[in-house]
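The next block is model_5.txt, given as compact mmCIF, C-alpha atoms (C1' of nucleotides).
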```txt
# COMPACT_ATOMS: atom_id res chain seq x y z
CA MET A 1 8.16 -64.85 310.49
CA SER A 2 9.04 -65.40 306.79
CA ASN A 3 5.37 -65.98 306.18
CA LYS A 4 4.51 -67.63 302.87
CA ARG A 5 1.39 -65.52 302.64
CA GLN A 6 3.23 -62.26 303.25
CA LEU A 7 5.86 -63.11 300.68
CA GLN A 8 3.22 -63.90 298.12
CA LYS A 9 1.44 -60.63 298.86
CA ILE A 10 4.61 -58.61 298.37
CA GLN A 11 5.26 -60.51 295.16
CA THR A 12 1.78 -59.74 293.84
CA ARG A 13 2.12 -56.07 294.71
CA LYS A 14 5.44 -55.84 292.89
CA ASN A 15 3.95 -57.63 289.93
CA ILE A 16 1.08 -55.16 289.69
CA PHE A 17 3.41 -52.21 290.21
CA ASN A 18 5.90 -53.29 287.55
CA THR A 19 3.22 -54.17 285.03
CA ALA A 20 1.49 -50.84 285.60
CA LYS A 21 4.78 -48.96 285.31
CA MET A 22 5.58 -50.63 282.02
CA MET A 23 2.13 -49.95 280.58
CA PHE A 24 2.03 -46.37 281.85
CA LEU A 25 5.41 -45.55 280.34
CA GLN A 26 4.30 -47.04 277.06
CA ARG A 27 0.81 -45.56 276.77
CA GLY A 28 0.52 -42.81 279.38
CA PHE A 29 -1.08 -42.51 282.79
CA ILE A 30 -4.37 -41.33 281.36
CA ASP A 31 -5.05 -44.02 278.76
CA VAL A 32 -4.31 -47.25 280.63
CA THR A 33 -7.24 -48.76 282.59
CA THR A 34 -7.11 -50.78 285.80
CA ALA A 35 -8.77 -53.71 284.06
CA GLU A 36 -6.00 -53.78 281.43
CA ILE A 37 -3.30 -53.69 284.08
CA ALA A 38 -4.94 -56.59 285.92
CA LYS A 39 -5.22 -58.63 282.75
CA GLU A 40 -1.61 -57.96 281.73
CA ALA A 41 -0.38 -58.76 285.25
CA GLY A 42 -2.42 -61.97 285.31
CA VAL A 43 -4.46 -61.13 288.40
CA ALA A 44 -8.14 -60.44 289.00
CA HIS A 45 -9.38 -56.91 288.50
CA GLY A 46 -10.24 -56.63 292.19
CA THR A 47 -6.72 -57.58 293.24
CA ILE A 48 -5.46 -54.20 292.04
CA PHE A 49 -7.54 -52.54 294.75
CA VAL A 50 -6.33 -54.89 297.46
CA HIS A 51 -2.87 -53.38 296.99
CA PHE A 52 -3.69 -49.87 295.79
CA PRO A 53 -6.91 -48.42 297.29
CA THR A 54 -7.51 -46.24 294.25
CA ARG A 55 -6.17 -46.02 290.73
CA GLU A 56 -4.61 -42.68 291.63
CA ASP A 57 -2.53 -44.31 294.37
CA LEU A 58 -1.03 -46.63 291.79
CA VAL A 59 -0.30 -43.75 289.44
CA LEU A 60 1.27 -41.71 292.22
CA SER A 61 3.33 -44.68 293.27
CA VAL A 62 4.81 -45.06 289.80
CA ILE A 63 5.34 -41.32 289.33
CA ASP A 64 7.06 -40.98 292.72
CA SER A 65 9.33 -43.87 291.87
CA GLU A 66 10.37 -42.34 288.56
CA MET A 67 10.63 -38.82 289.92
CA SER A 68 12.90 -39.72 292.80
CA GLY A 69 15.12 -41.59 290.36
CA ALA A 70 15.24 -38.49 288.20
CA GLN A 71 16.00 -36.25 291.17
CA GLU A 72 18.92 -38.44 292.21
CA HIS A 73 20.33 -38.50 288.72
CA ILE A 74 20.13 -34.74 288.30
CA ASP A 75 21.64 -34.08 291.73
CA ARG A 76 24.58 -36.17 290.61
CA LEU A 77 24.86 -34.17 287.38
CA LEU A 78 24.80 -30.89 289.31
CA THR A 79 27.68 -31.88 291.60
CA HIS A 80 29.80 -33.50 288.88
CA SER A 81 29.34 -30.78 286.29
CA GLY A 82 32.20 -28.64 285.04
CA ASN A 83 30.87 -25.74 283.03
CA PHE A 84 27.29 -25.11 282.03
CA VAL A 85 27.64 -26.52 278.53
CA ASP A 86 28.80 -29.86 279.95
CA LEU A 87 25.91 -29.81 282.36
CA ALA A 88 23.46 -29.15 279.54
CA ILE A 89 24.93 -32.02 277.52
CA SER A 90 24.69 -34.41 280.47
CA TYR A 91 21.14 -33.28 281.13
CA LEU A 92 20.10 -33.88 277.53
CA ASP A 93 21.79 -37.30 277.64
CA TYR A 94 19.83 -38.12 280.75
CA LEU A 95 16.56 -37.02 279.10
CA ALA A 96 17.38 -39.10 276.03
CA GLY A 97 17.94 -42.12 278.27
CA ASN A 98 14.62 -41.74 280.06
CA GLU A 99 12.69 -40.24 277.23
CA SER A 100 9.46 -42.20 277.47
CA PHE A 101 8.84 -41.00 281.02
CA HIS A 102 9.70 -37.36 280.38
CA ALA A 103 7.80 -37.23 277.10
CA LEU A 104 4.84 -38.64 278.98
CA ILE A 105 5.01 -35.95 281.65
CA ALA A 106 5.44 -33.22 279.03
CA ARG A 107 2.30 -34.40 277.22
CA GLU A 108 0.04 -35.18 280.15
CA LEU A 109 1.06 -32.67 282.80
CA PRO A 110 -1.69 -30.14 282.03
CA PHE A 111 -4.30 -32.85 282.66
CA TYR A 112 -3.14 -34.03 286.08
CA LYS A 113 -4.99 -32.99 289.22
CA PRO A 114 -3.64 -29.69 290.59
CA GLY A 115 -1.96 -31.31 293.58
CA LEU A 116 0.14 -33.70 291.54
CA ARG A 117 0.73 -31.18 288.78
CA ASP A 118 2.03 -28.56 291.18
CA ARG A 119 4.39 -31.03 292.84
CA ILE A 120 5.93 -31.95 289.50
CA ILE A 121 6.21 -28.33 288.44
CA PHE A 122 7.78 -27.39 291.75
CA ARG A 123 10.48 -30.02 291.30
CA GLN A 124 11.11 -28.81 287.75
CA ALA A 125 11.35 -25.21 288.95
CA LEU A 126 13.90 -26.18 291.60
CA ILE A 127 16.08 -27.95 289.06
CA GLN A 128 15.78 -24.99 286.72
CA MET A 129 16.92 -22.65 289.49
CA GLN A 130 19.94 -24.82 290.25
CA PHE A 131 20.87 -24.72 286.57
CA ALA A 132 20.50 -20.94 286.57
CA ASP A 133 22.71 -20.64 289.65
CA ILE A 134 25.52 -22.53 287.96
CA LEU A 135 25.14 -20.36 284.89
CA LYS A 136 25.44 -17.19 286.98
CA HIS A 137 28.96 -18.17 288.03
CA GLU A 138 30.02 -18.00 284.42
CA GLN A 139 29.73 -14.46 283.09
CA VAL A 140 26.96 -14.59 280.50
CA PRO A 141 24.56 -11.89 279.29
CA ASN A 142 21.20 -13.63 279.80
CA PRO A 143 21.24 -16.57 282.26
CA THR A 144 17.49 -17.11 282.64
CA GLY A 145 16.96 -16.88 278.88
CA ILE A 146 19.47 -19.66 278.32
CA VAL A 147 17.99 -21.91 281.00
CA GLN A 148 14.50 -21.28 279.64
CA TYR A 149 15.78 -22.23 276.22
CA LEU A 150 17.22 -25.51 277.47
CA PHE A 151 14.11 -26.56 279.38
CA GLY A 152 11.60 -25.02 276.98
CA MET A 153 12.98 -26.61 273.85
CA SER A 154 13.49 -29.98 275.56
CA HIS A 155 9.88 -29.83 276.65
CA TYR A 156 8.79 -28.92 273.14
CA TYR A 157 10.67 -31.78 271.48
CA LEU A 158 9.53 -34.24 274.14
CA SER A 159 5.87 -33.29 273.84
CA MET A 160 6.12 -33.56 270.06
CA ARG A 161 7.95 -36.86 270.31
CA ASP A 162 5.64 -39.02 268.23
CA VAL A 163 5.06 -36.23 265.76
CA PHE A 164 8.74 -36.12 264.93
CA ASN A 165 8.63 -39.90 265.27
CA THR A 166 12.31 -40.43 264.91
CA GLU A 167 13.87 -43.82 265.20
CA GLY A 168 15.46 -43.62 268.62
CA SER A 169 15.51 -40.45 270.68
CA VAL A 170 14.12 -37.04 269.75
CA ILE A 171 16.39 -35.38 272.25
CA GLU A 172 19.40 -37.09 270.72
CA ARG A 173 18.29 -35.88 267.32
CA PHE A 174 18.15 -32.21 268.31
CA LYS A 175 20.87 -32.26 270.93
CA LYS A 176 23.64 -30.85 268.74
CA SER A 177 21.45 -28.05 267.47
CA MET A 178 20.39 -27.10 271.00
CA ILE A 179 23.92 -27.14 272.36
CA ASP A 180 25.17 -25.04 269.45
CA THR A 181 22.46 -22.50 270.10
CA ILE A 182 23.30 -22.39 273.80
CA LYS A 183 26.93 -21.74 272.94
CA ILE A 184 25.89 -18.88 270.68
CA MET A 185 23.65 -17.45 273.40
CA MET A 186 26.45 -17.69 275.95
CA GLY A 187 29.00 -16.05 273.70
CA GLY A 188 26.42 -13.71 272.19
CA SER A 189 26.19 -9.93 272.24
CA ASP A 190 25.13 -7.74 275.17
CA GLN A 191 21.52 -6.51 275.59
CA MET B 1 -38.55 -20.02 249.69
CA SER B 2 -37.58 -18.05 252.84
CA ASN B 3 -38.97 -20.92 254.80
CA LYS B 4 -39.59 -20.18 258.45
CA ARG B 5 -38.57 -23.75 259.28
CA GLN B 6 -35.30 -23.55 257.38
CA LEU B 7 -34.40 -20.22 258.97
CA GLN B 8 -35.10 -21.61 262.42
CA LYS B 9 -32.94 -24.65 261.67
CA ILE B 10 -30.01 -22.52 260.56
CA GLN B 11 -30.47 -20.38 263.64
CA THR B 12 -30.40 -23.43 265.93
CA ARG B 13 -27.30 -24.77 264.23
CA LYS B 14 -25.49 -21.46 264.66
CA ASN B 15 -26.61 -21.32 268.26
CA ILE B 16 -25.17 -24.76 268.99
CA PHE B 17 -21.99 -23.99 267.08
CA ASN B 18 -21.34 -20.69 268.82
CA THR B 19 -22.13 -22.05 272.25
CA ALA B 20 -19.84 -25.02 271.65
CA LYS B 21 -17.07 -22.78 270.35
CA MET B 22 -17.25 -20.56 273.41
CA MET B 23 -17.21 -23.51 275.80
CA PHE B 24 -14.44 -25.34 273.92
CA LEU B 25 -12.19 -22.28 273.91
CA GLN B 26 -12.78 -21.82 277.60
CA ARG B 27 -12.43 -25.41 278.80
CA GLY B 28 -10.90 -27.43 275.99
CA PHE B 29 -12.25 -29.83 273.38
CA ILE B 30 -11.74 -32.83 275.62
CA ASP B 31 -13.48 -31.71 278.79
CA VAL B 32 -16.78 -30.29 277.51
CA THR B 33 -19.66 -32.78 277.07
CA THR B 34 -22.46 -32.69 274.52
CA ALA B 35 -25.03 -32.56 277.34
CA GLU B 36 -23.40 -29.44 278.75
CA ILE B 37 -23.36 -27.74 275.35
CA ALA B 38 -27.04 -28.55 274.86
CA LYS B 39 -27.94 -27.16 278.28
CA GLU B 40 -25.92 -23.99 277.76
CA ALA B 41 -27.40 -23.50 274.28
CA GLY B 42 -30.91 -24.06 275.63
CA VAL B 43 -31.78 -26.99 273.37
CA ALA B 44 -32.49 -30.67 274.02
CA HIS B 45 -29.54 -33.03 274.15
CA GLY B 46 -30.75 -34.84 271.06
CA THR B 47 -30.88 -31.62 269.05
CA ILE B 48 -27.08 -31.52 268.99
CA PHE B 49 -27.11 -34.70 266.92
CA VAL B 50 -29.72 -33.42 264.52
CA HIS B 51 -27.16 -30.82 263.38
CA PHE B 52 -23.87 -32.63 264.04
CA PRO B 53 -24.01 -36.42 263.54
CA THR B 54 -21.25 -37.02 266.08
CA ARG B 55 -19.51 -34.99 268.74
CA GLU B 56 -16.37 -35.14 266.65
CA ASP B 57 -18.10 -33.40 263.75
CA LEU B 58 -18.89 -30.50 266.05
CA VAL B 59 -15.32 -30.38 267.31
CA LEU B 60 -13.93 -30.50 263.78
CA SER B 61 -16.32 -27.79 262.71
CA VAL B 62 -15.06 -25.44 265.43
CA ILE B 63 -11.41 -26.31 264.86
CA ASP B 64 -11.71 -25.79 261.11
CA SER B 65 -13.32 -22.43 261.67
CA GLU B 66 -10.54 -21.28 264.00
CA MET B 67 -7.77 -22.77 261.90
CA SER B 68 -8.87 -21.14 258.67
CA GLY B 69 -9.05 -17.83 260.51
CA ALA B 70 -5.51 -18.39 261.72
CA GLN B 71 -4.33 -19.35 258.25
CA GLU B 72 -5.76 -16.16 256.77
CA HIS B 73 -4.19 -14.02 259.43
CA ILE B 74 -0.77 -15.59 258.99
CA ASP B 75 -0.92 -15.37 255.21
CA ARG B 76 -1.48 -11.65 255.67
CA LEU B 77 1.52 -11.43 258.00
CA LEU B 78 3.70 -13.27 255.50
CA THR B 79 2.90 -10.91 252.63
CA HIS B 80 3.10 -7.72 254.71
CA SER B 81 6.28 -8.59 256.54
CA GLY B 82 9.49 -6.63 256.11
CA ASN B 83 12.35 -8.49 257.74
CA PHE B 84 12.15 -11.68 259.78
CA VAL B 85 12.23 -9.95 263.16
CA ASP B 86 9.18 -7.89 262.25
CA LEU B 87 7.45 -11.06 261.10
CA ALA B 88 8.28 -12.79 264.37
CA ILE B 89 6.92 -9.85 266.35
CA SER B 90 3.69 -9.80 264.34
CA TYR B 91 3.37 -13.55 264.76
CA LEU B 92 3.76 -13.34 268.53
CA ASP B 93 1.26 -10.48 268.64
CA TYR B 94 -1.17 -12.65 266.72
CA LEU B 95 -0.63 -15.57 269.13
CA ALA B 96 -1.12 -13.26 272.10
CA GLY B 97 -4.41 -12.07 270.59
CA ASN B 98 -5.75 -15.60 270.08
CA GLU B 99 -4.03 -17.20 272.99
CA SER B 100 -6.86 -19.31 274.38
CA PHE B 101 -7.22 -21.23 271.11
CA HIS B 102 -3.52 -21.78 270.54
CA ALA B 103 -2.84 -22.69 274.16
CA LEU B 104 -5.67 -25.19 273.87
CA ILE B 105 -4.18 -26.79 270.76
CA ALA B 106 -0.72 -26.87 272.34
CA ARG B 107 -2.08 -28.72 275.38
CA GLU B 108 -4.49 -31.11 273.72
CA LEU B 109 -2.89 -31.88 270.37
CA PRO B 110 -1.23 -35.14 271.49
CA PHE B 111 -4.63 -36.50 272.49
CA TYR B 112 -6.50 -35.87 269.26
CA LYS B 113 -7.21 -38.71 266.86
CA PRO B 114 -4.34 -39.18 264.37
CA GLY B 115 -6.34 -37.81 261.43
CA LEU B 116 -7.12 -34.48 263.06
CA ARG B 117 -3.73 -34.27 264.75
CA ASP B 118 -1.87 -34.76 261.49
CA ARG B 119 -3.94 -32.13 259.72
CA ILE B 120 -3.12 -29.56 262.38
CA ILE B 121 0.55 -30.49 262.37
CA PHE B 122 0.69 -30.31 258.61
CA ARG B 123 -0.66 -26.76 258.67
CA GLN B 124 1.86 -25.82 261.33
CA ALA B 125 4.68 -27.34 259.32
CA LEU B 126 3.66 -25.37 256.23
CA ILE B 127 3.68 -22.11 258.16
CA GLN B 128 7.04 -22.99 259.67
CA MET B 129 8.45 -23.62 256.18
CA GLN B 130 7.21 -20.27 254.95
CA PHE B 131 8.88 -18.57 257.90
CA ALA B 132 12.10 -20.44 257.14
CA ASP B 133 11.94 -19.37 253.49
CA ILE B 134 11.76 -15.72 254.46
CA LEU B 135 14.64 -16.20 256.83
CA LYS B 136 16.78 -17.74 254.09
CA HIS B 137 16.65 -14.51 252.10
CA GLU B 138 18.40 -12.77 254.93
CA GLN B 139 21.90 -14.16 255.39
CA VAL B 140 21.84 -15.91 258.76
CA PRO B 141 23.90 -18.85 260.05
CA ASN B 142 21.13 -21.21 261.26
CA PRO B 143 17.70 -20.55 259.70
CA THR B 144 15.92 -23.73 260.83
CA GLY B 145 17.30 -23.37 264.35
CA ILE B 146 15.84 -19.89 264.63
CA VAL B 147 12.44 -20.91 263.29
CA GLN B 148 12.38 -23.91 265.61
CA TYR B 149 13.17 -21.56 268.47
CA LEU B 150 10.28 -19.26 267.62
CA PHE B 151 7.72 -22.03 267.26
CA GLY B 152 9.16 -24.30 269.95
CA MET B 153 9.31 -21.68 272.67
CA SER B 154 5.89 -20.27 271.76
CA HIS B 155 4.51 -23.77 272.02
CA TYR B 156 6.23 -24.25 275.37
CA TYR B 157 4.89 -21.03 276.88
CA LEU B 158 1.42 -21.68 275.49
CA SER B 159 1.23 -25.23 276.84
CA MET B 160 2.44 -23.97 280.24
CA ARG B 161 0.01 -21.10 280.16
CA ASP B 162 -1.86 -21.76 283.39
CA VAL B 163 1.32 -22.81 285.14
CA PHE B 164 2.86 -19.40 284.54
CA ASN B 165 -0.63 -18.05 285.19
CA THR B 166 0.13 -14.49 284.29
CA GLU B 167 -2.47 -11.80 284.29
CA GLY B 168 -3.05 -11.34 280.58
CA SER B 169 -0.99 -13.06 277.93
CA VAL B 170 1.94 -15.44 278.46
CA ILE B 171 3.21 -14.71 274.99
CA GLU B 172 3.16 -11.00 275.70
CA ARG B 173 5.12 -11.64 278.86
CA PHE B 174 7.94 -13.51 277.14
CA LYS B 175 7.81 -11.71 273.81
CA LYS B 176 10.70 -9.33 274.44
CA SER B 177 12.96 -12.09 275.71
CA MET B 178 12.19 -14.25 272.67
CA ILE B 179 12.76 -11.47 270.17
CA ASP B 180 16.03 -10.53 271.87
CA THR B 181 17.20 -14.12 271.64
CA ILE B 182 16.24 -14.31 267.98
CA LYS B 183 18.25 -11.16 267.30
CA ILE B 184 21.25 -12.72 269.03
CA MET B 185 20.85 -15.93 267.05
CA MET B 186 20.58 -13.99 263.80
CA GLY B 187 23.63 -11.91 264.52
CA GLY B 188 25.44 -14.83 266.19
CA SER B 189 28.68 -16.58 265.31
CA ASP B 190 29.23 -19.15 262.57
CA GLN B 191 28.96 -22.93 263.16
C1' DT C 1 -7.05 -82.37 312.94
C1' DA C 2 -10.23 -78.49 313.57
C1' DT C 3 -10.57 -73.70 313.32
C1' DT C 4 -9.37 -69.13 312.06
C1' DT C 5 -7.19 -65.88 309.05
C1' DC C 6 -6.70 -63.41 304.88
C1' DG C 7 -4.98 -62.78 299.96
C1' DC C 8 -7.42 -63.20 296.03
C1' DT C 9 -11.45 -63.57 293.10
C1' DG C 10 -14.82 -61.76 289.57
C1' DA C 11 -19.67 -60.73 289.01
C1' DG C 12 -21.82 -56.69 289.60
C1' DC C 13 -22.82 -51.66 291.01
C1' DG C 14 -23.05 -46.78 290.19
C1' DC C 15 -21.74 -43.30 287.32
C1' DT C 16 -20.68 -40.87 283.09
C1' DT C 17 -20.58 -40.71 278.04
C1' DA C 18 -21.99 -40.22 273.21
C1' DC C 19 -25.68 -41.41 270.69
C1' DT C 20 -30.84 -43.26 269.30
C1' DC C 21 -35.60 -43.06 268.15
C1' DA C 22 -40.61 -42.97 268.87
C1' DT C 23 -43.25 -39.06 269.66
C1' DT C 24 -44.87 -34.34 269.21
C1' DG C 25 -46.59 -30.14 267.39
C1' DA C 26 -45.76 -26.02 264.66
C1' DC C 27 -45.43 -25.10 259.94
C1' DA C 28 -45.83 -25.82 254.70
C1' DC C 29 -48.88 -26.89 251.12
C1' DG C 30 -52.88 -28.48 248.06
C1' DC D 1 -59.09 -26.55 256.47
C1' DG D 2 -57.09 -31.12 256.36
C1' DT D 3 -52.92 -33.57 255.68
C1' DG D 4 -48.12 -34.43 255.30
C1' DT D 5 -43.47 -32.81 256.79
C1' DC D 6 -39.76 -32.34 259.73
C1' DA D 7 -37.12 -29.81 263.41
C1' DA D 8 -36.96 -30.60 268.03
C1' DT D 9 -37.56 -33.43 272.07
C1' DG D 10 -35.85 -36.25 276.13
C1' DA D 11 -36.24 -40.77 278.11
C1' DG D 12 -33.64 -44.59 277.06
C1' DT D 13 -29.50 -47.53 275.46
C1' DA D 14 -24.95 -49.42 275.18
C1' DA D 15 -20.34 -49.15 276.44
C1' DG D 16 -16.67 -48.14 279.49
C1' DC D 17 -14.88 -46.64 283.74
C1' DG D 18 -13.20 -47.16 288.83
C1' DC D 19 -14.41 -49.56 292.58
C1' DT D 20 -17.04 -53.07 295.98
C1' DC D 21 -17.85 -57.19 298.52
C1' DA D 22 -19.54 -61.86 299.68
C1' DG D 23 -17.28 -65.90 299.17
C1' DC D 24 -13.45 -69.27 298.37
C1' DG D 25 -9.60 -71.97 299.57
C1' DA D 26 -4.93 -72.38 300.96
C1' DA D 27 -2.04 -71.15 304.66
C1' DA D 28 -1.43 -70.08 309.60
C1' DT D 29 -2.64 -71.28 314.18
C1' DA D 30 -4.25 -73.86 318.22
```
Please express the file's structure as structure tokens.
Amino acid sequence: MSNKRQLQKIQTRKNIFNTAKMMFLQRGFIDVTTAEIAKEAGVAHGTIFVHFPTREDLVLSVIDSEMSGAQEHIDRLLTHSGNFVDLAISYLDYLAGNESFHALIARELPFYKPGLRDRIIFRQALIQMQFADILKHEQVPNPTGIVQYLFGMSHYYLSMRDVFNTEGSVIERFKKSMIDTIKIMMGGSDQ
Amino acid sequence: MSNKRQLQKIQTRKNIFNTAKMMFLQRGFIDVTTAEIAKEAGVAHGTIFVHFPTREDLVLSVIDSEMSGAQEHIDRLLTHSGNFVDLAISYLDYLAGNESFHALIARELPFYKPGLRDRIIFRQALIQMQFADILKHEQVPNPTGIVQYLFGMSHYYLSMRDVFNTEGSVIERFKKSMIDTIKIMMGGSDQ
DNA sequence: TATTTCGCTGAGCGCTTACTCATTGACACG
DNA sequence: CGTGTCAATGAGTAAGCGCTCAGCGAAATA
């Protein structure tokens, strides 16, 4: 049953998937063409469509893979977090570690088809709510404002990543400033 | 010298320009095609290229027009501003009033050709510096952090405009929250 | 060994773009 | 009125895209 043909097919599929993933993360889901992926992977153009019926299936496949990885990571952060500030720091560290993917999403999200776009936004909204819940346990004046700050500013820096073109991570660069601001907001006045 | 031909030519150019501007503001600079503009303007497809050698020239023409309007408006705000909070409020009001253009830029900026992109970013950076200068006159702990907040969060809300799809203006919706946060940051602790 | 299966191939199709250019006809001008 | 000008035309071109499919040849099967 360990068919040589089947093994080869699985191998080819993985090859296409990994090559596509690498190219997508580097240049975005919109820019990279199927012909380029095929060339880089060393297969015929048509072979792409043997394994992924449409280009969109390949894109979705890569996005799903990255997103479920992200979900797992953040779930772990949420359970292992002490206070909100620690959680925010861990979250920013995670973003910094997977910056190319998240910068990509921040840039391209408005251009995805509604179905995909809404799924991504829904996931983001869930995470944001979980962050807000944790913040509500600590007594702070403006929980949603603080969470919006964390996600909003991260999004801003990510989407402007190559504008700020820092060596290394943009998130890392602005992390201290963001955390300081969050501390001020948490210890801030009433209103 | 009031040539009938020349007048007609100017008229046609304006017609194409205004039609393009309207369509670009509604659907973005990336999505709208030259054929669609021609149809909407009621001229032949080729006529577009009589007046604008390339599609990009037309896009640049519209962007320049909008940007110089923005520049003027903001210069006025800068001279007529009392304290920084008033300036921030006026700025947000301005954004709310020209939201379709600024939301468009926020979404599409990463996809423009480097030349155009850099010009827009340069203008933004200048404005940001002027805001920071005003803020430095008032004695606040973290001037650049506050300015980054104002521009970063505006950018975030604008780029997420149709996600939050509010009736009316996104900026208007989050204005109070942003101003409140700025007040907290200005009156905040040391560090 | 003879026959069938099937992963892979790559030329080519259909479609969409920005852009071209020979042609036209209303207008300017002597 | 005759002739040259030129804004406007729209069918056509080239380039790029995702995707197709008849055919090939090595592997599976009988």
Please determine the contact residues of chain D with respect to chain B at a cut-off of 12 Å, counting all atoms listed in the file, and supply them as a list in words.
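Residues of chain D within 12 Å of chain B, counting all atoms listed in the file: DT5, DC6, DA7, DA8, DT9, DG10, DA11 and DG12 of chain D.
The list of residues within 8 Å of (3.7, -18.9, 269.0), counted using only C-alpha atoms (C1' of nucleotides), is B:Tyr91, B:Leu92, B:Leu95, B:His102, B:Leu150, B:Phe151, B:Gly152, B:Met153, B:Ser154, B:His155, B:Leu158, B:Ile171.
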Based on the selection just made, write C-alpha atoms of those residues as a short mmCIF file (atom, residue, chain, number, x, y, z; two decimals), in the coordinates of the input.
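Full text of again.cif as output:
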```
data_model
loop_
_atom_site.label_atom_id
_atom_site.label_comp_id
_atom_site.auth_asym_id
_atom_site.auth_seq_id
_atom_site.Cartn_x
_atom_site.Cartn_y
_atom_site.Cartn_z
CA TYR B 91 3.37 -13.55 264.76
CA LEU B 92 3.76 -13.34 268.53
CA LEU B 95 -0.63 -15.57 269.13
CA HIS B 102 -3.52 -21.78 270.54
CA LEU B 150 10.28 -19.26 267.62
CA PHE B 151 7.72 -22.03 267.26
CA GLY B 152 9.16 -24.30 269.95
CA MET B 153 9.31 -21.68 272.67
CA SER B 154 5.89 -20.27 271.76
CA HIS B 155 4.51 -23.77 272.02
CA LEU B 158 1.42 -21.68 275.49
CA ILE B 171 3.21 -14.71 274.99
#
```
Determine the nearest neighbour of chain B from the options C:DA22, C:DT1, C:DA28, C:DG12, counting only C-alpha atoms (C1' of nucleotides).
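Among C:DA22, C:DT1, C:DA28, C:DG12, it is C:DA28 that comes nearest to chain B.
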At a cut-off of 8 Å, using all atoms listed in the file, what residues contact range 26-29 of chain D? Leave out same-chain residues fewer than 3 positions from it and give the result as an MDAnalysis selection string.
(chainID A and resid 4:5) or (chainID C and resid 4:5)
Counting all atoms listed in the file, which residues of chain C sit at most 12 Å from some atom of chain B, and what is each one's closest atom pair with its distance in Å to one decimal, listed by chain and rising residue number, as CSV?
```
residue,atom,partner,partner_atom,distance
C:DT16,C1',B:Thr33,CA,10.1
C:DT17,C1',B:Thr33,CA,8.0
C:DA18,C1',B:Arg55,CA,7.3
C:DC19,C1',B:Thr54,CA,7.8
C:DT20,C1',B:Gly46,CA,8.6
C:DC21,C1',B:Gly46,CA,10.0
C:DA26,C1',B:Arg5,CA,9.3
C:DC27,C1',B:Arg5,CA,7.0
C:DA28,C1',B:Asn3,CA,8.4
```
Using only C-alpha atoms, I'd like every residue of chain A that has an atom within 8 Å of chain B; please write them out as a VMD selection string.
chain A and resid 107 110 145 149 152 to 153 155 to 157 159 to 160 177 180 to 181 184 to 185 188 to 189 191
What is the distance between C1' of DG16 in chain D and CA of Asp64 in chain A, in Å to one decimal?
28.1 Å
Please report the interatomic distance between CA of Phe52 in chain B and CA of Leu104 in chain B in Å with one decimal.
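CA of Phe52 in chain B sits 22.0 Å away from CA of Leu104 in chain B.
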Gap from CA of Ile37 in chain B to CA of Leu25 in chain B - Å, one decimal
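Computing it gives 12.5 Å between the two atoms.
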In terms of the shortest atom-to-atom distance over only C-alpha atoms, which of B:Asn98, B:Asn165, B:Asn83, B:Asn15 is closest to Ile134 in chain B?
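Answer, going by the shortest atom-to-atom distance: B:Asn83.
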Close residues, Phe101 in chain A itself excluded, 10 Å, all atoms listed in the file, min 4 positions apart in chain, as a list in words
Lys21, Phe24, Leu25, Gln26, Gly28, Ile63, Glu66, Met67, Ala70, Leu95, Gly97, Ile105, Ala106 and Leu158 of chain A
When distances are computed from all atoms listed in the file, which of B:Gln139, B:Asn18, B:Gln130, B:Thr166 shows the smallest separation from Ile74 in chain B?
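Closest to Ile74 in chain B of all the choices is B:Gln130.
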Box along x, y and z, 8 Å on every side, all listed atoms of range 1-7 of chain D inside: centre and edge lengths in Å to one decimal, as lines of an AutoDock Vina configuration file.
```
center_x = -48.1
center_y = -30.5
center_z = 259.4
size_x = 38.0
size_y = 23.9
size_z = 24.1
```
Under the rule that all atoms listed in the file are counted, which of A:Gln71, A:His80, A:Lys176, A:Glu56 is the nearest residue to DG18 in chain D?
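Between A:Gln71, A:His80, A:Lys176, A:Glu56, the residue approaching DG18 in chain D most closely is A:Glu56.
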